[in-house]
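Asks: Dropping in my_file_6.txt, which is compact mmCIF, C-alpha atoms and all ligand atoms:
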```
# COMPACT_ATOMS: atom_id res chain seq x y z
CA MET K 1 -94.04 -28.38 160.63
CA LYS K 2 -93.08 -25.53 158.34
CA ILE K 3 -89.44 -25.46 157.31
CA ILE K 4 -88.38 -21.93 156.52
CA SER K 5 -85.00 -20.64 155.43
CA ASP K 6 -85.98 -17.11 154.46
CA ILE K 7 -86.09 -14.36 157.12
CA GLN K 8 -88.96 -12.49 155.48
CA GLU K 9 -91.04 -15.64 155.12
CA LEU K 10 -90.39 -16.44 158.78
CA ARG K 11 -91.59 -12.98 159.82
CA ASP K 12 -94.70 -13.35 157.63
CA HIS K 13 -95.53 -16.64 159.32
CA LEU K 14 -95.01 -15.30 162.81
CA ARG K 15 -96.80 -11.98 162.29
CA GLY K 16 -99.25 -11.31 165.15
CA GLN K 17 -97.73 -14.06 167.34
CA ASN K 18 -96.46 -12.56 170.55
CA ARG K 19 -95.94 -15.71 172.62
CA ALA K 20 -93.48 -17.61 170.45
CA SER K 21 -91.14 -19.94 172.32
CA PHE K 22 -87.76 -20.39 170.67
CA VAL K 23 -85.07 -23.08 170.85
CA PRO K 24 -81.93 -22.21 168.85
CA THR K 25 -79.73 -25.21 167.97
CA MET K 26 -76.94 -26.23 165.65
CA GLY K 27 -78.78 -29.45 164.75
CA ASN K 28 -77.72 -33.09 165.19
CA LEU K 29 -80.55 -33.20 167.68
CA HIS K 30 -80.55 -35.61 170.61
CA GLU K 31 -82.78 -36.17 173.63
CA GLY K 32 -81.23 -33.10 175.33
CA HIS K 33 -82.47 -30.82 172.55
CA LEU K 34 -85.85 -32.55 172.46
CA SER K 35 -86.30 -31.95 176.18
CA LEU K 36 -85.75 -28.24 175.43
CA MET K 37 -88.52 -28.39 172.79
CA ARG K 38 -90.89 -29.85 175.41
CA LEU K 39 -89.92 -27.14 177.88
CA ALA K 40 -90.51 -24.55 175.16
CA ARG K 41 -94.04 -25.85 174.70
CA GLN K 42 -94.76 -25.24 178.39
CA HIS K 43 -93.68 -21.62 178.12
CA GLY K 44 -95.18 -20.35 174.91
CA ASP K 45 -96.87 -21.05 171.64
CA PRO K 46 -95.96 -21.60 168.83
CA VAL K 47 -92.67 -23.42 169.33
CA VAL K 48 -89.99 -22.33 166.87
CA ALA K 49 -86.69 -24.21 166.59
CA SER K 50 -83.70 -23.15 164.56
CA ILE K 51 -80.86 -25.17 163.08
CA PHE K 52 -77.83 -23.20 162.00
CA VAL K 53 -74.21 -24.25 162.34
CA ASN K 54 -72.75 -20.88 163.14
CA ARG K 55 -69.32 -20.40 161.60
CA LEU K 56 -68.67 -17.31 163.76
CA GLN K 57 -68.41 -19.34 166.95
CA PHE K 58 -65.81 -21.80 165.67
CA GLY K 59 -62.09 -21.08 165.90
CA PRO K 60 -59.84 -21.61 162.84
CA ASN K 61 -58.68 -25.03 164.12
CA GLU K 62 -62.04 -26.19 165.40
CA ASP K 63 -64.57 -28.62 163.99
CA PHE K 64 -66.85 -26.35 161.91
CA GLU K 65 -66.46 -28.45 158.75
CA SER K 66 -66.86 -31.80 160.49
CA TYR K 67 -69.64 -30.68 162.87
CA PRO K 68 -72.35 -33.34 162.43
CA ARG K 69 -75.11 -32.22 160.06
CA THR K 70 -78.15 -34.51 160.10
CA MET K 71 -80.96 -32.33 158.76
CA GLN K 72 -83.38 -35.04 157.59
CA ASP K 73 -83.17 -36.91 160.86
CA ASP K 74 -83.53 -33.65 162.82
CA ILE K 75 -86.65 -32.69 160.85
CA GLU K 76 -88.31 -36.01 161.73
CA LYS K 77 -87.49 -35.55 165.42
CA LEU K 78 -88.85 -31.99 165.49
CA GLU K 79 -92.01 -33.08 163.71
CA ARG K 80 -92.58 -35.75 166.36
CA GLU K 81 -92.20 -33.05 169.05
CA GLY K 82 -94.89 -30.92 167.44
CA VAL K 83 -92.58 -28.00 166.64
CA TYR K 84 -94.49 -25.46 164.52
CA ILE K 85 -91.65 -23.84 162.59
CA LEU K 86 -88.11 -24.94 161.89
CA PHE K 87 -86.04 -21.93 160.88
CA ALA K 88 -83.02 -23.28 159.00
CA PRO K 89 -81.38 -20.35 157.24
CA THR K 90 -78.45 -20.77 154.86
CA GLU K 91 -75.26 -18.90 155.66
CA ARG K 92 -76.08 -16.60 152.76
CA GLU K 93 -79.44 -15.75 154.29
CA LEU K 94 -78.17 -15.08 157.80
CA TYR K 95 -74.86 -13.52 156.81
CA PRO K 96 -75.46 -11.99 153.35
CA GLN K 97 -72.49 -9.72 153.97
CA PRO K 98 -69.57 -10.42 156.28
CA GLN K 99 -70.97 -9.96 159.80
CA GLU K 100 -68.91 -7.00 160.90
CA TYR K 101 -71.16 -5.82 163.74
CA ARG K 102 -70.63 -8.26 166.60
CA VAL K 103 -71.75 -8.58 170.20
CA ASP K 104 -68.72 -8.67 172.45
CA PRO K 105 -69.53 -10.00 175.93
CA PRO K 106 -67.61 -8.47 178.87
CA HIS K 107 -64.10 -9.76 179.38
CA GLN K 108 -64.73 -11.06 182.92
CA LEU K 109 -67.46 -13.38 181.62
CA GLY K 110 -66.59 -13.95 177.97
CA ASP K 111 -62.85 -14.58 178.20
CA ILE K 112 -62.75 -17.03 181.11
CA LEU K 113 -63.21 -20.83 181.10
CA GLU K 114 -64.63 -21.68 177.65
CA GLY K 115 -63.75 -18.19 176.42
CA GLU K 116 -60.11 -18.64 177.45
CA PHE K 117 -59.73 -21.89 175.53
CA ARG K 118 -62.00 -20.91 172.62
CA PRO K 119 -61.18 -17.24 171.97
CA GLY K 120 -64.05 -15.44 170.23
CA PHE K 121 -66.49 -18.28 170.91
CA PHE K 122 -68.95 -16.24 172.98
CA LYS K 123 -68.70 -13.29 170.61
CA GLY K 124 -69.85 -15.64 167.85
CA VAL K 125 -72.59 -17.13 170.02
CA CYS K 126 -73.95 -13.76 171.20
CA THR K 127 -73.89 -12.34 167.68
CA VAL K 128 -75.84 -15.20 166.15
CA VAL K 129 -78.30 -15.44 169.02
CA LEU K 130 -79.05 -11.72 168.88
CA LYS K 131 -79.58 -12.05 165.14
CA LEU K 132 -81.81 -15.12 165.53
CA PHE K 133 -83.82 -13.27 168.19
CA SER K 134 -84.26 -10.42 165.75
CA CYS K 135 -85.57 -12.88 163.11
CA VAL K 136 -87.91 -14.86 165.41
CA GLN K 137 -88.78 -12.18 168.00
CA PRO K 138 -89.64 -14.78 170.62
CA LYS K 139 -91.29 -14.16 173.98
CA VAL K 140 -89.14 -16.86 175.57
CA ALA K 141 -85.98 -18.68 174.53
CA ILE K 142 -84.67 -21.93 175.98
CA PHE K 143 -80.99 -22.79 176.50
CA GLY K 144 -79.56 -25.92 178.14
CA LYS K 145 -77.65 -25.78 181.42
CA LYS K 146 -75.01 -28.08 179.95
CA ASP K 147 -73.61 -24.91 178.35
CA TYR K 148 -73.63 -23.18 181.72
CA GLN K 149 -71.44 -20.23 180.79
CA GLN K 150 -73.27 -19.70 177.49
CA LEU K 151 -76.59 -19.59 179.36
CA MET K 152 -75.26 -17.00 181.80
CA ILE K 153 -73.74 -14.83 179.07
CA LEU K 154 -76.93 -14.88 176.98
CA ARG K 155 -79.03 -13.99 180.04
CA GLN K 156 -76.80 -10.99 180.71
CA MET K 157 -76.95 -10.01 177.04
CA ALA K 158 -80.75 -10.09 177.07
CA LYS K 159 -80.77 -8.05 180.28
CA GLN K 160 -78.23 -5.43 179.18
CA PHE K 161 -79.86 -4.90 175.77
CA ALA K 162 -83.35 -4.93 177.39
CA LEU K 163 -84.39 -7.60 174.90
CA PRO K 164 -88.07 -8.49 175.34
CA VAL K 165 -87.30 -12.18 175.76
CA ASP K 166 -87.21 -14.39 178.87
CA ILE K 167 -84.30 -16.81 178.90
CA ILE K 168 -85.30 -20.14 180.42
CA PRO K 169 -82.77 -22.82 181.43
CA GLY K 170 -83.27 -26.49 180.55
CA GLU K 171 -81.72 -29.26 182.67
CA THR K 172 -78.85 -31.31 181.27
CA ILE K 173 -79.98 -34.69 179.96
CA ARG K 174 -77.59 -37.57 180.59
CA ALA K 175 -77.08 -41.08 179.30
CA GLU K 176 -77.67 -43.82 181.90
CA ASP K 177 -73.96 -43.90 182.71
CA GLY K 178 -73.94 -40.15 183.49
CA LEU K 179 -72.42 -38.78 180.28
CA ALA K 180 -74.09 -35.48 179.36
CA LEU K 181 -75.72 -35.75 175.92
CA SER K 182 -73.89 -33.74 173.29
CA SER K 183 -73.68 -33.73 169.51
CA ARG K 184 -69.92 -34.20 169.85
CA ASN K 185 -70.39 -37.57 171.65
CA SER K 186 -70.81 -39.09 168.19
CA PHE K 187 -67.10 -38.40 167.55
CA LEU K 188 -66.07 -40.75 170.40
CA SER K 189 -64.65 -44.19 169.58
CA VAL K 190 -66.12 -47.21 171.40
CA GLN K 191 -63.32 -47.14 173.99
CA GLU K 192 -63.61 -43.38 174.44
CA ARG K 193 -67.36 -43.66 174.90
CA ASP K 194 -66.72 -46.16 177.74
CA GLU K 195 -64.30 -43.72 179.37
CA ALA K 196 -66.40 -40.58 178.81
CA PRO K 197 -68.64 -40.85 181.95
CA GLU K 198 -65.45 -40.37 184.02
CA LEU K 199 -65.78 -36.65 183.36
CA GLN K 200 -69.05 -36.47 185.27
CA LYS K 201 -67.61 -38.80 187.94
CA ALA K 202 -64.70 -36.38 188.40
CA LEU K 203 -67.16 -33.54 188.99
CA ARG K 204 -69.08 -35.63 191.50
CA GLU K 205 -65.87 -36.41 193.39
CA VAL K 206 -65.00 -32.73 193.50
CA ARG K 207 -68.47 -31.96 194.83
CA GLU K 208 -68.15 -34.66 197.52
CA LYS K 209 -64.83 -33.22 198.63
CA ILE K 210 -66.27 -29.71 198.82
CA LEU K 211 -69.26 -30.89 200.83
CA GLN K 212 -66.99 -32.71 203.29
CA LEU K 213 -64.86 -29.66 204.05
CA ASN K 214 -65.10 -28.23 207.54
CA VAL K 215 -63.30 -25.03 206.68
CA TYR K 216 -63.63 -23.49 203.24
CA SER K 217 -60.66 -21.66 201.79
CA THR K 218 -59.63 -20.76 198.25
CA ASN K 219 -56.39 -22.71 198.75
CA THR K 220 -58.20 -25.92 199.57
CA LEU K 221 -60.49 -25.49 196.57
CA SER K 222 -57.58 -25.01 194.22
CA GLU K 223 -55.94 -28.14 195.68
CA ILE K 224 -59.14 -30.06 194.96
CA GLU K 225 -59.16 -28.73 191.38
CA LYS K 226 -55.51 -29.72 190.84
CA ILE K 227 -56.05 -33.27 192.11
CA ALA K 228 -59.06 -33.71 189.82
CA VAL K 229 -57.10 -32.45 186.80
CA ALA K 230 -54.19 -34.80 187.65
CA GLN K 231 -56.54 -37.77 188.01
CA LEU K 232 -58.19 -37.15 184.63
CA THR K 233 -54.80 -36.62 183.01
CA GLY K 234 -53.66 -39.93 184.50
CA ARG K 235 -56.59 -41.64 182.77
CA GLY K 236 -55.50 -40.25 179.39
CA TRP K 237 -57.64 -37.10 179.23
CA GLN K 238 -56.30 -33.66 178.31
CA PRO K 239 -58.25 -31.38 180.65
CA ASP K 240 -58.49 -27.68 179.76
CA TYR K 241 -59.88 -26.87 183.19
CA ILE K 242 -61.77 -28.12 186.21
CA ALA K 243 -62.85 -24.96 187.97
CA ILE K 244 -64.87 -24.32 191.11
CA ARG K 245 -66.67 -21.03 190.58
CA GLN K 246 -69.44 -18.88 192.02
CA GLN K 247 -72.81 -19.65 190.46
CA SER K 248 -73.72 -15.97 190.42
CA ASP K 249 -70.95 -14.72 188.09
CA LEU K 250 -68.55 -17.63 187.44
CA ALA K 251 -65.77 -15.75 189.21
CA PRO K 252 -63.44 -17.72 191.50
CA PRO K 253 -64.88 -17.53 195.02
CA SER K 254 -63.06 -15.43 197.61
CA ASN K 255 -62.55 -16.60 201.19
CA GLU K 256 -65.27 -14.14 202.24
CA SER K 257 -67.80 -15.39 199.71
CA LEU K 258 -67.03 -18.99 200.75
CA GLN K 259 -67.67 -18.11 204.41
CA SER K 260 -70.98 -16.51 203.49
CA GLY K 261 -72.14 -19.69 201.73
CA GLU K 262 -72.03 -18.44 198.14
CA PRO K 263 -73.47 -21.23 195.91
CA LEU K 264 -70.78 -22.86 193.79
CA VAL K 265 -70.64 -24.67 190.47
CA ILE K 266 -67.89 -26.93 189.15
CA LEU K 267 -67.20 -26.58 185.43
CA THR K 268 -64.97 -28.65 183.22
CA ALA K 269 -63.77 -29.05 179.66
CA ALA K 270 -61.47 -31.88 178.67
CA LYS K 271 -60.37 -33.63 175.54
CA LEU K 272 -60.63 -37.36 175.12
CA GLY K 273 -58.68 -38.23 172.00
CA LYS K 274 -59.76 -35.58 169.53
CA THR K 275 -63.14 -34.91 171.12
CA ARG K 276 -63.60 -32.02 173.52
CA LEU K 277 -66.34 -32.53 176.10
CA ILE K 278 -67.74 -30.06 178.61
CA ASP K 279 -69.85 -30.59 181.69
CA ASN K 280 -70.74 -28.92 184.98
CA LEU K 281 -72.27 -29.67 188.36
CA GLU K 282 -73.86 -27.28 190.83
CA VAL K 283 -72.84 -27.66 194.47
O1 LIG K 301 -75.65 -24.09 172.03
C1 LIG K 301 -75.68 -24.07 170.79
O2 LIG K 301 -76.06 -25.04 170.15
C2 LIG K 301 -75.20 -22.83 170.05
O3 LIG K 301 -74.15 -22.22 170.73
C3 LIG K 301 -76.34 -21.83 169.77
C4 LIG K 301 -76.90 -21.26 171.06
C5 LIG K 301 -77.43 -22.50 168.98
C6 LIG K 301 -75.79 -20.65 168.96
O4 LIG K 301 -75.26 -21.07 167.75
```
Would you mind writing the file's structure down as structure tokens?
Ligand code: PAF
Replies:
Amino acid sequence: MKIISDIQELRDHLRGQNRASFVPTMGNLHEGHLSLMRLARQHGDPVVASIFVNRLQFGPNEDFESYPRTMQDDIEKLEREGVYILFAPTERELYPQPQEYRVDPPHQLGDILEGEFRPGFFKGVCTVVLKLFSCVQPKVAIFGKKDYQQLMILRQMAKQFALPVDIIPGETIRAEDGLALSSRNSFLSVQERDEAPELQKALREVREKILQLNVYSTNTLSEIEKIAVAQLTGRGWQPDYIAIRQQSDLAPPSNESLQSGEPLVILTAAKLGKTRLIDNLEV
């Protein structure tokens, strides 16, 4: 595997390649990321991964400094997956000047759910992803469904800017007890790790309740959300949201869309101790 930090050198290496398959990451790679590398291999060649902890997507009180950085370990994992290039730019390389041009996703998608609790997060994500696309110029790019809203926003960005890249979703990989794999799981204490699968269980309960309804109404759905939030809170979590949304645009469903069978997704973010976890479940 070639490890490249320089944009020009990356372009030199990829010159003439028009089927590159790209997996952007922030490192601290786990089985979830590695499954995305395997998916990338099915969709293009060569496979290019990136590792860059993107300051722009962290709020002032978030965990940018403490975000786990495990480069040597990550390199070994990517080598085992047969990744051709690891692009690991320094901040100086990717942001040689303050990044003043930014990609601002539309309010109705970028400022809800994660965007409401992490203001500016999706602006930072879109900006870095557009820039990474411009460096790698991939034919396809893979993003995990664990970051459901991020995936949707990046798809819309690619569509609205007519970027010549297909965005392909990768399934969420879970531990045996149901906890979605995430780099932030390493922050959990032993007791918190035991409790953490309850987040996925809460989503499953919400889904069961939805599936058992005879009559769908927005009022009933918001009751179901409130009960789930109260239950998690009772177990010591600090939930930011448990939200039942339309899969198509993440808007709250209307009574009409519920009657017409609009597919739904349940999304959640909640803090356990100091660690904020997110997860989702399609209905
Ligand atoms: O999902 C992530 O790891 C990051 O948000 C991404 C897409 C690599 C952008 O920094």
Asks: Around ligand LIG 301 (chain K), at most 6 Å away and counting all atoms listed in the file, which residues are there? Put them as a list of chain:residue names, please.
Replies: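 Using all atoms listed in the file, I find these residues within 6 Å of ligand LIG 301 (chain K): K:Pro24, K:Thr25, K:Met26, K:Asn54, K:Val125, K:Val129.
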Asks: Quick one: pull the distance between CA of Gln149 in chain K and CA of Thr275 in chain K, Å, one decimal.
Replies: 19.4 Å
Asks: Which residues are near Gly120 in chain K? Cut-off 9 Å, all atoms listed in the file, ignore same chain within fewer than 4 positions. Put them as a PyMOL selection string.
Replies: chain K and resi 56-59+104+110-111+115-116+124-125
Asks: Any idea what's packed within 6 Å of range 239-256 of chain K, counting only C-alpha atoms, ignoring anything in its chain fewer than 3 positions away? Could you give it as number ranges by chain?
Replies: K: 217-218, 225, 259, 263-271
Asks: Using only C-alpha atoms, find the one residue out of K:Arg11, K:Arg155, K:Lys209, K:Arg204 that sits nearest to Glu223 in chain K.
Replies: K:Lys209
Asks: Go ahead and compute the interatomic distance for CA of Ile7 in chain K and CA of Glu31 in chain K, in Å to one decimal.
Replies: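 If I compute the distance from CA of Ile7 in chain K to CA of Glu31 in chain K, I get 27.6 Å.
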Asks: From the set K:Leu199, K:Leu277, K:Ala158, K:Leu179, which residue has the shortest atom-to-atom contact distance to Cys126 in chain K, counting all atoms listed in the file?
Replies: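 Among the listed residues, the smallest separation from Cys126 in chain K belongs to K:Ala158.
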Asks: Skipping near chain neighbours, those fewer than 6 positions away, what residues fall within 12 Å of range 60-73 of chain K using all atoms listed in the file, listed as number ranges by chain?
Replies: K: 3, 25-30, 50-54, 79-80, 86-88, 117-121, 182-187, 274-276
Asks: Determine the nearest neighbour of Gly273 in chain K from the options K:Leu211, K:Leu232, K:Leu130, K:Leu188, counting all atoms listed in the file.
Replies: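 The closest residue to Gly273 in chain K is K:Leu188.
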